[in-house]
Structures are given as C-alpha cells and as structure tokens.
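Have a look at the structure below before the remarks.
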Amino acid sequence: PKMQCRQLLRCISRSPATSSSSCFGVTRRQVHQPGGFDTSFGFEEVEPGQKQDRVNQVFNRVSNSYDLMNDLMSAGLHRCWKRRFVASANPRPGWRVVDVAGGTGDIALGLLEWSRRLPGRAPPPVRVAPGDGSVDSFREAAERQTAAAEAEAPAGCTVSVVDPSPSMMQVGSAKASAKGSTFASSIQWLEGRAESLPLDEASSDLYTIAFGMRNCTDLPGVLREAHRVLKPYGRFACLEFCSVENPLLSILYDEYSFRVIPPMGLLVAGDWDSYEYLVESIRRFPHQTLFANMMREAGFSAVNYEVLWPGVCCIHSGYKLPSVK
C-alpha cells in the first residue's frame, strides 16, 4: 500500500535515536515493560474476544511467507532453536503428542523424525514418589511412561497439531505430504484454540508449543488446559521468546526488531502491520521467571527453563505429577 511505502521511507530516513517513537509508535519504556495479564494485541489493549480474531487474521495473511520470513528475521537461527527444542522434548516411539499453534508443521515433523530414530520398544515404566520433584526424576519417569505393555510399538510417535488458522495448517499439511505418506498419516490436523483443546483428558504424553504462547488470550487458562490433556508424568514444553537480560543486546535487539522487521515484512510479504504486531507481542510476554511461576500455579512440577543463544528465547519445561488419592 502507498501509505505503508511512505511510512517505510520516513523510517529509513530517521536516525536510530528517534525511530522508536516517531516511526513505530512506541517508546523505549514501552519496549522494556513486558507482561501484565491484560488482554493485548501487541501494545494495544483489546477485549478478550477480539484478540483471537485479530491474531487469526494476522496468521492467515502471513501463512504463505511465514517460513521465509522466519529465516530472514532470525538469519536461520529459528531452525537451530527448534532442533534444540525437539531434542529436549525427546519424544519416544508410541507417544501421543499434541503440538499447539504448530500450523506450519516444523515442530510436528521434527518430533516425528526424532522419535523414529529411537528403538521401537520403550523400557519398563517406573514410578516417582509424589514428594520427589526433581527434574531428573520426572524426566526418567516421563521417558519410561510409554512402556512395553504393547508388544508392537508404532514406528515413531503420533502428533495432533491444533491451530486456529486453517491457512497455516494447509502449509503444514503440504510439508507433511511432501515428506511421504508415513509422515502425513502420523499427523492429525485439528482446528482449535489452546484455551479449549479438542482432546480428551489425560490423552497426551507430551505437549509442545513453539512461538505460539504469546499469541494466546488467556495464558493461565492455556496452561491449565495443557495440564488437563497430559497423562500423569506427561511433559509440557514451550519454546518462546524471552526478556533479554544483557543490556547491550537488549538495545540492539530492540533497534533491530522495531526498525528492521516491520519494513522487512512490508518488502517481502507486503505486510507491515502483522510483523509489527509480532514484534510487539514479544515485548508483552511475561518474563521467563514469571511464566515459570504461572506454570507452577497451573499444577506443573519440576518447572525449569533454558535460555538459548544468543539470549532472546528459551525453552520452558514442566511435568504433570499424578494426583495423590
């Protein structure tokens, strides 16, 4: 659009010192104040019912250029982060996995590939005492929970992808089909929201969500729903952008995010507003320590997080402890 082109030219001509407020409508104070539990669409406060509709519009618009823009915006780093995320999730043959907000299929396909490298028969199950909340004990229990009760374990895990955007899932389905029928048949594509999953209680061994949590309307509700669908000893794993702790990196990251990414979105995808929202949504997401506390409040145990290089995203992890009767 002509208006966006004029905006792009104005921003390019500005100095870095003035661009944050005059070109992007944000101040440095706003950029460094993530979080809060009010419903927001980027930096804009909205009614809870409006956010999901507007988020859906964003991803329906960017679906065809989503993978290309991810490569450009992160210089390919998002692929390294996702590989690390899949490895840390460590899905086993026979597991039932739910991948939320995973429309383009990167995580689902990665999980399938990883699980098919492992032996087809899981070790015998172990039990962890309710008072033992260490990460290692929960990891051991989770990895062995899919036991060799079934003589013939399927080759790899199965994944249910839940995403509110049909356009994004079309991209993912095409990727899965290109991988072959065995991959395509191992993934179920379900339209739905993270706050209300179309899945039974205690039906999943692993819950994953990558770069989708910040787009959800009700974070505590999403975490409670994740806890609901996981089996005892099931694992929750979330890959999401985090608050940058290094002061110098934080300044550079802000300048890059607000000065480069929206113009890049305009030039490559013809869409300034969607990528401005994506940048703003990162700044509104809770600090990693606060999100870890939210996970505990939702019922998860052995909660921890791992910050990934260069310090702009992290993996959150937690386990569902069986209820004590």
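If you're wondering about the labels, chains in the structure tokens are A, B, ... by order shown, residues count from 1 in each chain, ligands from 1 in order shown.
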
Give me every strand (DSSP E) residue in region 42-255 of chain A, going by DSSP on the backbone, as a PyMOL selection string.
chain A and resi 44-45+96-100+158-163+187-191+204-210+230-241

Polymer residues at most 7 Å from region 57-69 of chain A, only C-alpha atoms, same-chain spacing of 2 or more positions, as JSON, numbers by chain
{"A": [53, 54, 55, 71, 72, 73, 165, 167, 168, 269, 274]}

Please provide the set of residues having any atom within 12 Å of Phe236 (chain A), restricted to only C-alpha atoms, with same-chain residues fewer than 5 positions apart removed, written as a ChimeraX atom specification.
/A:85,88-91,97-100,138-139,142,204-210,222-231,292,295-296,298-305,315-321

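With CA of Asp106 (chain A) on one side and CA of Ala176 (chain A) on the other, the separation reads 9.3 Å.
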
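Closest approach to Lys82 (chain A) from the set A:Phe43, A:Trp114, A:Tyr253, A:Phe291 is made by A:Trp114, with distances taken over only C-alpha atoms.
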
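Relative to CA of Glu195 (chain A), CA of Arg79 (chain A) is found at 26.8 Å.
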
Which of these, A:Leu112, A:Leu290, A:Ile261, A:Cys80, has the shortest distance to Tyr277 (chain A) once you count only C-alpha atoms?
A:Ile261

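Compared by their closest atoms to Val279 (chain A), and using only C-alpha atoms, the residues A:Val86, A:Asn293, A:Cys242, A:Pro93 rank with A:Cys242 nearest.
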
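Distance check against Phe183 (chain A) using only C-alpha atoms: of A:Ser115, A:Asn215, A:Asn56, A:Ser40, the minimum falls on A:Ser115.
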
Top pick for closest residue to Ser173 (chain A), considering A:Gln52, A:Asn70, A:Gln188, A:Ser250 and counting only C-alpha atoms:
A:Gln188

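One finds CA of Pro166 (chain A) at 23.2 Å from CA of Ile282 (chain A).
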